[in-house]
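The next block is start39.cif, given as mmCIF, C-alpha atoms.
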data_coords
#
loop_
_atom_site.label_atom_id
_atom_site.label_comp_id
_atom_site.auth_asym_id
_atom_site.auth_seq_id
_atom_site.Cartn_x
_atom_site.Cartn_y
_atom_site.Cartn_z
CA MET A 8 -15.91 -7.37 -20.00
CA GLN A 9 -12.53 -7.58 -21.58
CA ALA A 10 -10.70 -10.88 -21.61
CA ARG A 11 -8.21 -11.64 -18.89
CA ARG A 12 -4.58 -11.58 -19.94
CA ASP A 13 -1.96 -14.01 -18.82
CA ILE A 14 1.29 -12.68 -17.38
CA GLY A 15 3.26 -14.55 -20.00
CA GLN A 16 1.33 -12.90 -22.77
CA LEU A 17 1.74 -9.27 -22.00
CA GLY A 18 0.96 -7.25 -25.01
CA PRO A 19 1.99 -3.78 -26.06
CA VAL A 20 1.25 -1.09 -23.52
CA ALA A 21 -0.20 2.10 -24.94
CA ASP A 22 1.30 1.35 -28.34
CA GLY A 23 4.77 0.86 -26.83
CA PRO A 24 6.99 -2.19 -27.11
CA THR A 25 6.18 -5.35 -25.19
CA PRO A 26 7.30 -5.15 -21.55
CA ASP A 27 10.45 -7.07 -20.65
CA LEU A 28 9.14 -9.92 -18.51
CA ASP A 29 12.44 -10.16 -16.64
CA LEU A 30 12.03 -6.66 -15.28
CA VAL A 31 8.55 -6.55 -13.76
CA GLU A 32 8.22 -6.01 -10.03
CA TYR A 33 5.69 -4.66 -7.58
CA LEU A 34 6.12 -1.92 -5.02
CA VAL A 35 4.12 -1.05 -1.93
CA ILE A 36 4.27 2.67 -1.14
CA SER A 37 2.81 3.69 2.20
CA VAL A 38 1.16 7.10 2.35
CA PRO A 39 -0.45 8.97 5.24
CA ARG A 40 -3.73 8.87 3.34
CA LEU A 41 -4.75 8.20 -0.24
CA SER A 42 -5.67 11.82 -0.76
CA SER A 43 -2.04 12.83 -0.24
CA THR A 44 -0.56 11.18 -3.31
CA ALA A 45 -0.18 14.14 -5.65
CA GLY A 46 3.58 14.26 -5.18
CA ILE A 47 3.86 10.56 -5.93
CA ALA A 48 1.78 11.01 -9.07
CA SER A 49 4.16 13.74 -10.24
CA ALA A 50 7.16 11.50 -9.63
CA LEU A 51 5.58 8.57 -11.44
CA LYS A 52 4.66 10.77 -14.37
CA GLU A 53 8.26 11.95 -14.66
CA LEU A 54 9.65 8.42 -14.35
CA VAL A 55 7.33 7.23 -17.13
CA ARG A 56 8.15 10.22 -19.29
CA SER A 57 11.89 9.62 -18.91
CA ALA A 58 11.41 5.90 -19.69
CA HIS A 59 12.76 4.78 -16.31
CA ILE A 60 9.64 2.76 -15.58
CA ARG A 61 6.45 1.61 -17.23
CA ILE A 62 3.32 1.37 -15.11
CA LEU A 63 1.59 -1.98 -15.56
CA ASP A 64 -0.89 -1.68 -12.69
CA LEU A 65 -1.69 0.71 -9.88
CA VAL A 66 -4.25 0.60 -7.10
CA GLY A 67 -4.77 2.30 -3.76
CA VAL A 68 -5.62 0.34 -0.63
CA GLU A 69 -6.73 1.18 2.88
CA THR A 70 -6.74 -1.30 5.73
CA GLY A 71 -9.37 -1.21 8.45
CA HIS A 72 -9.13 -2.10 12.11
CA ASP A 73 -11.37 -5.10 11.51
CA GLY A 74 -8.86 -6.84 9.25
CA ARG A 75 -10.66 -5.80 6.09
CA TYR A 76 -9.28 -3.67 3.33
CA VAL A 77 -10.66 -1.41 0.65
CA ALA A 78 -9.14 -1.21 -2.83
CA ILE A 79 -9.64 2.01 -4.74
CA GLU A 80 -8.78 2.09 -8.41
CA SER A 81 -6.31 4.74 -9.45
CA GLU A 82 -8.72 6.70 -11.62
CA GLU A 83 -10.94 7.18 -8.57
CA LEU A 84 -8.13 8.73 -6.54
CA ALA A 85 -8.06 12.50 -6.87
CA GLY A 86 -4.43 12.52 -5.75
CA LEU A 87 -3.45 10.58 -8.88
CA ALA A 88 -5.28 12.82 -11.32
CA GLU A 89 -1.96 13.89 -12.78
CA LEU A 90 -1.55 10.39 -14.19
CA ASP A 91 -4.44 10.90 -16.58
CA GLY A 92 -3.03 10.62 -20.07
CA VAL A 93 0.23 9.07 -18.88
CA GLU A 94 1.33 5.96 -20.76
CA GLY A 95 0.54 2.83 -18.81
CA GLU A 96 -2.10 0.31 -17.89
CA VAL A 97 -4.17 -0.38 -14.81
CA GLY A 98 -6.34 -3.27 -13.74
CA GLY A 99 -4.75 -6.04 -15.74
CA MET A 100 -2.19 -7.49 -13.37
CA LEU A 101 -2.97 -7.58 -9.64
CA SER A 102 -5.69 -10.01 -8.60
CA GLU A 103 -8.00 -9.59 -5.66
CA ASP A 104 -5.99 -12.25 -3.84
CA ASP A 105 -2.80 -10.30 -4.52
CA LEU A 106 -4.34 -7.22 -2.96
CA ALA A 107 -5.55 -9.20 0.04
CA LEU A 108 -2.10 -10.71 0.53
CA ALA A 109 -0.37 -7.36 0.30
CA CYS A 110 -2.88 -5.75 2.66
CA SER A 111 -2.36 -8.53 5.18
CA ALA A 112 1.18 -7.21 5.63
CA LEU A 113 -0.02 -3.67 6.32
CA PRO A 114 -1.05 -2.52 9.80
CA PRO A 115 -4.64 -1.55 10.54
CA GLY A 116 -5.46 1.96 9.46
CA ALA A 117 -2.76 2.11 6.80
CA SER A 118 -3.00 3.55 3.32
CA ALA A 119 -0.78 2.50 0.44
CA LEU A 120 -0.36 2.43 -3.29
CA ILE A 121 0.45 -0.92 -4.85
CA LEU A 122 2.25 -0.53 -8.10
CA VAL A 123 3.38 -3.03 -10.73
CA VAL A 124 6.13 -1.62 -12.88
CA GLU A 125 8.56 -2.64 -15.56
CA ASP A 126 11.99 -1.43 -14.54
CA ARG A 127 12.91 -0.02 -17.90
CA TRP A 128 16.01 1.58 -16.38
CA ALA A 129 17.47 -1.94 -16.15
CA GLY A 130 16.66 -2.85 -19.74
CA LEU A 131 20.23 -2.54 -20.92
CA LEU A 132 21.41 -4.90 -18.21
CA ALA A 133 18.72 -7.47 -18.99
CA GLU A 134 19.56 -7.30 -22.65
CA ALA A 135 23.28 -7.71 -21.97
CA ALA A 136 22.63 -10.68 -19.70
CA ARG A 137 20.56 -12.40 -22.38
CA HIS A 138 23.12 -11.55 -25.05
CA ASN A 139 25.68 -13.38 -22.96
CA GLY A 140 23.50 -16.41 -22.46
CA GLY A 141 22.08 -15.44 -19.07
CA ARG A 142 19.07 -13.70 -17.62
CA ILE A 143 18.07 -11.63 -14.64
CA ILE A 144 16.42 -14.39 -12.64
CA GLY A 145 15.66 -12.84 -9.26
CA GLY A 146 16.08 -10.05 -6.81
CA GLU A 147 14.50 -8.60 -3.73
CA ARG A 148 14.46 -5.30 -1.95
CA ILE A 149 16.65 -5.40 1.14
CA PRO A 150 14.78 -4.15 4.23
CA ARG A 151 15.91 -0.77 5.42
CA HIS A 152 16.64 -1.89 8.98
CA ARG A 153 18.97 -4.62 7.76
CA LEU A 154 21.03 -2.14 5.79
CA GLN A 155 21.20 0.09 8.83
CA GLN A 156 22.45 -2.84 10.91
CA VAL A 157 25.07 -3.78 8.36
CA ARG A 158 26.38 -0.27 7.81
CA PRO A 159 25.70 2.03 10.76
CA ALA A 160 25.44 5.77 10.20
CA GLY A 161 28.75 7.55 9.81
CA THR A 162 30.50 4.62 8.18
CA GLY A 163 29.61 5.31 4.61
CA ALA A 164 26.19 3.78 4.99
CA PRO A 165 23.70 4.25 2.22
CA GLY A 166 21.57 7.31 2.88
CA ASP A 167 17.87 7.20 3.49
CA GLY A 168 17.29 8.73 0.12
CA HIS A 169 16.07 12.01 1.53
CA ARG A 170 17.41 14.96 -0.33
CA THR A 171 18.17 18.09 1.64
CA MET B 14 -3.35 5.45 -18.21
CA LYS B 15 -5.51 2.90 -19.86
CA ARG B 16 -7.78 0.53 -17.92
CA VAL B 17 -7.46 -2.86 -19.59
CA VAL B 18 -9.73 -4.95 -17.37
CA SER B 19 -12.68 -3.80 -15.31
CA SER B 20 -12.48 -6.48 -12.62
CA ARG B 21 -9.63 -8.14 -10.74
CA CYS B 22 -11.68 -11.21 -9.89
CA HIS B 23 -10.23 -13.76 -12.29
CA HIS B 24 -6.63 -12.65 -12.62
CA VAL B 25 -3.75 -15.03 -12.21
CA ASP B 26 -2.19 -14.36 -8.79
CA LEU B 27 1.19 -12.69 -9.12
CA LEU B 28 2.33 -12.50 -5.51
CA ARG B 29 3.81 -15.73 -4.28
CA ARG B 30 4.01 -14.73 -0.64
CA ARG B 31 3.10 -11.99 1.80
CA PRO B 32 5.38 -9.01 1.23
CA VAL B 33 7.90 -8.14 3.91
CA LEU B 34 7.37 -4.47 4.64
CA ASP B 35 9.35 -1.94 6.61
CA PRO B 36 7.61 -0.61 9.72
CA VAL B 37 4.85 1.82 8.88
CA ASP B 38 3.82 4.79 10.99
CA VAL B 39 0.05 4.91 11.05
CA ASP B 40 -2.11 7.75 12.26
CA ARG B 41 -4.55 5.78 14.33
CA THR B 42 -6.58 8.76 15.48
CA ASP B 43 -9.40 8.25 13.01
CA TRP B 44 -9.99 4.57 13.50
CA GLU B 45 -9.48 4.72 17.26
CA ALA B 46 -12.25 7.31 17.32
CA ALA B 47 -14.42 5.09 15.14
CA ARG B 48 -13.77 2.16 17.45
CA ARG B 49 -14.82 4.22 20.46
CA VAL B 50 -18.05 5.22 18.75
CA ASP B 51 -18.78 1.56 17.95
CA GLN B 52 -18.18 0.58 21.55
CA LEU B 53 -20.27 3.42 22.92
CA GLN B 54 -23.12 2.44 20.60
CA ALA B 55 -22.90 -1.12 21.86
CA LEU B 56 -23.15 0.15 25.44
CA LEU B 57 -26.13 2.33 24.53
CA ARG B 58 -27.88 -0.70 23.04
CA LEU B 59 -27.43 -2.44 26.38
CA VAL B 60 -29.03 0.58 28.08
CA GLU B 61 -31.94 0.52 25.63
CA ARG B 62 -32.50 -3.16 26.32
CA GLY B 63 -32.53 -2.49 30.05
CA LEU B 64 -29.41 -4.56 30.64
CA LEU B 65 -27.41 -1.55 31.79
CA SER B 66 -28.64 1.39 33.86
CA ALA B 67 -27.81 4.98 32.96
CA GLU B 68 -25.57 5.19 35.99
CA GLU B 69 -23.74 2.01 35.02
CA PHE B 70 -23.37 3.35 31.49
CA GLU B 71 -21.73 6.52 32.87
CA VAL B 72 -19.36 4.51 35.01
CA VAL B 73 -18.40 2.05 32.28
CA SER B 74 -18.04 4.63 29.52
CA SER B 75 -15.99 7.06 31.60
CA SER B 76 -13.69 4.34 32.88
CA ALA B 77 -13.21 2.87 29.41
CA PHE B 78 -13.02 6.02 27.35
CA GLY B 79 -12.28 8.80 29.83
CA THR B 80 -13.73 12.28 29.89
CA PRO B 81 -12.72 15.30 27.84
CA SER B 82 -10.28 16.23 30.62
CA ASN B 83 -9.10 12.63 30.87
CA PRO B 84 -8.87 11.19 27.36
CA GLY B 85 -8.41 7.65 28.59
CA PRO B 86 -5.95 4.98 27.61
CA ALA B 87 -7.01 3.95 24.11
CA THR B 88 -4.85 6.18 21.92
CA ALA B 89 -1.10 6.29 21.96
CA ALA B 90 0.59 9.64 22.45
CA GLY B 91 0.44 11.61 19.25
CA GLY B 92 -2.11 9.22 17.79
CA THR B 93 0.48 7.21 15.92
CA SER B 94 1.75 3.71 16.19
CA GLN B 95 4.23 1.59 14.39
CA TRP B 96 3.63 -1.70 12.64
CA PRO B 97 5.18 -4.06 13.37
CA PRO B 98 5.88 -2.84 16.92
CA PRO B 99 9.53 -1.95 17.47
CA ALA B 100 11.62 -4.70 19.02
CA SER B 101 12.20 -4.08 22.72
#
If you took the structure in this file and wrote it as structure tokens, what would it be?
Amino acid sequence: MQARRDIGQLGPVADGPTPDLDLVEYLVISVPRLSSTAGIASALKELVRSAHIRILDLVGVETGHDGRYVAIESEELAGLAELDGVEGEVGGMLSEDDLALACSALPPGASALILVVEDRWAGLLAEAARHNGGRIIGGERIPRHRLQQVRPAGTGAPGDGHRT
Amino acid sequence: MKRVVSSRCHHVDLLRRRPVLDPVDVDRTDWEAARRVDQLQALLRLVERGLLSAEEFEVVSSSAFGTPSNPGPATAAGGTSQWPPPAS
């Protein structure tokens, strides 16, 4: 078995530069079922190709009605087959406890992808912050319903991201 | 993508807290059906052990799960639910 890596010692990914440790986040993407992830795989492939993100870990999960969950590695998911050969790593970041914690927030019967990414699109900002003696030190996704409360529809509210 | 570690057992935990997720629509049809099968099997075991008569089994199972013409109360309309439940 390969040696475990520490988060502070991330090495090169697929011969690329070392990930910027100020720009790593995780995402939980709900899907109707893990077999219906082909579109997400295409989007991830394009985002990696265009250097917007770097995939540092990816796993599928399903929650059961008995409080248990099943983790399915990305290479075992047919819906993610398009990611074969895409630059990135899997397996080296999320622990079993991380998966259990994330799954505890999902309802019974849910399916989701849990993704750890480096937000390479923000690299210029992180670099500028450091150049000026600062750093990106935090951030959090704002829940959708809060945004809808703050800026109701018809008042210039942010869209739901759906393209027509 | 390249698999760097075969097991997630000894990783340093990255998540510091339970994520706060938006409500998720879940198709509960499959696991509701599985739950019904589990419950029916439990009732059948009671019949096999002589703790429940066939007539009692019919009464209990039809009242709990309904008949094909009366699907019963277990599944929400459309087979979906939302988690967390919407605030009333």
Considering only C-alpha atoms, give me a table of residues in chain B that are at most 8 Å from chain A, with the closest atom pair and distance in Å for each, as CSV.
residue,atom,partner,partner_atom,distance
B:Met14,CA,A:Gly95,CA,4.7
B:Lys15,CA,A:Glu96,CA,4.7
B:Arg16,CA,A:Val97,CA,4.9
B:Val17,CA,A:Gly99,CA,5.7
B:Val18,CA,A:Gly98,CA,5.2
B:Ser19,CA,A:Gly98,CA,6.6
B:Ser20,CA,A:Gly98,CA,7.0
B:Arg21,CA,A:Ser102,CA,4.9
B:Cys22,CA,A:Glu103,CA,5.8
B:His23,CA,A:Ser102,CA,6.9
B:His24,CA,A:Ser102,CA,4.9
B:Val25,CA,A:Ser102,CA,6.5
B:Asp26,CA,A:Ser102,CA,5.6
B:Leu27,CA,A:Asp105,CA,6.5
B:Leu28,CA,A:Asp105,CA,5.7
B:Arg30,CA,A:Leu108,CA,7.4
B:Arg31,CA,A:Leu108,CA,5.5
B:Pro32,CA,A:Ala109,CA,6.1
B:Val33,CA,A:Ala112,CA,7.0
B:Leu34,CA,A:Ala112,CA,6.8
B:Asp35,CA,A:Pro150,CA,6.3
B:Val37,CA,A:Ser37,CA,7.2
B:Val39,CA,A:Ala117,CA,5.8
B:Asp40,CA,A:Gly116,CA,7.3
B:Arg41,CA,A:Gly116,CA,6.3
B:Trp44,CA,A:Gly116,CA,6.6
B:Trp96,CA,A:Pro114,CA,5.5
B:Pro97,CA,A:Pro114,CA,7.3
message: Under the rule that all atoms listed in the file are counted, which of A:Leu120, A:Ala129, A:Glu83, A:Arg137 is the nearest residue to A:Ala58?
response: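 Looking at the shortest contact to A:Ala58, the residue is A:Ala129.
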- prompt: Which residues match the PyMOL selection byres ((chain A and resi 85) around 10) in the file above, as a list in words?
  reply: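 For this structure, the PyMOL selection byres ((chain A and resi 85) around 10) captures Leu41, Ser42, Ser43, Thr44, Ala45, Ser81, Glu82, Glu83, Leu84, Gly86, Leu87, Ala88 and Glu89 of chain A.
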Deliver the residues from the most recent selection as a file, using C-alpha atoms, as a PDB file, in the frame of the given file.
ATOM      1  CA  LEU A  41      -4.750   8.200  -0.240  1.00  0.00           C
ATOM      2  CA  SER A  42      -5.670  11.820  -0.760  1.00  0.00           C
ATOM      3  CA  SER A  43      -2.040  12.830  -0.240  1.00  0.00           C
ATOM      4  CA  THR A  44      -0.560  11.180  -3.310  1.00  0.00           C
ATOM      5  CA  ALA A  45      -0.180  14.140  -5.650  1.00  0.00           C
ATOM      6  CA  SER A  81      -6.310   4.740  -9.450  1.00  0.00           C
ATOM      7  CA  GLU A  82      -8.720   6.700 -11.620  1.00  0.00           C
ATOM      8  CA  GLU A  83     -10.940   7.180  -8.570  1.00  0.00           C
ATOM      9  CA  LEU A  84      -8.130   8.730  -6.540  1.00  0.00           C
ATOM     10  CA  GLY A  86      -4.430  12.520  -5.750  1.00  0.00           C
ATOM     11  CA  LEU A  87      -3.450  10.580  -8.880  1.00  0.00           C
ATOM     12  CA  ALA A  88      -5.280  12.820 -11.320  1.00  0.00           C
ATOM     13  CA  GLU A  89      -1.960  13.890 -12.780  1.00  0.00           C
TER      14      GLU A  89
END
- prompt: Do you have the atom CA of A:Ala133-atom CA of A:Asp27 distance handy?
  reply: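 One can read the atom CA of A:Ala133 to atom CA of A:Asp27 distance as 8.4 Å.
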- request: Grab the atom CA of A:Pro26 to atom CA of A:Arg127 distance for me, in Å with one decimal place.
  value: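 Going from atom CA of A:Pro26 over to atom CA of A:Arg127, I get 8.4 Å.
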- line: Separating atom CA of A:Val123 from atom CA of A:Arg61, to the nearest tenth of an Å, is a gap of 8.6 Å
query: Closest to A:Leu131 among A:Thr25, A:Lys52, A:His59, A:Ala119, using only C-alpha atoms?
result: A:His59
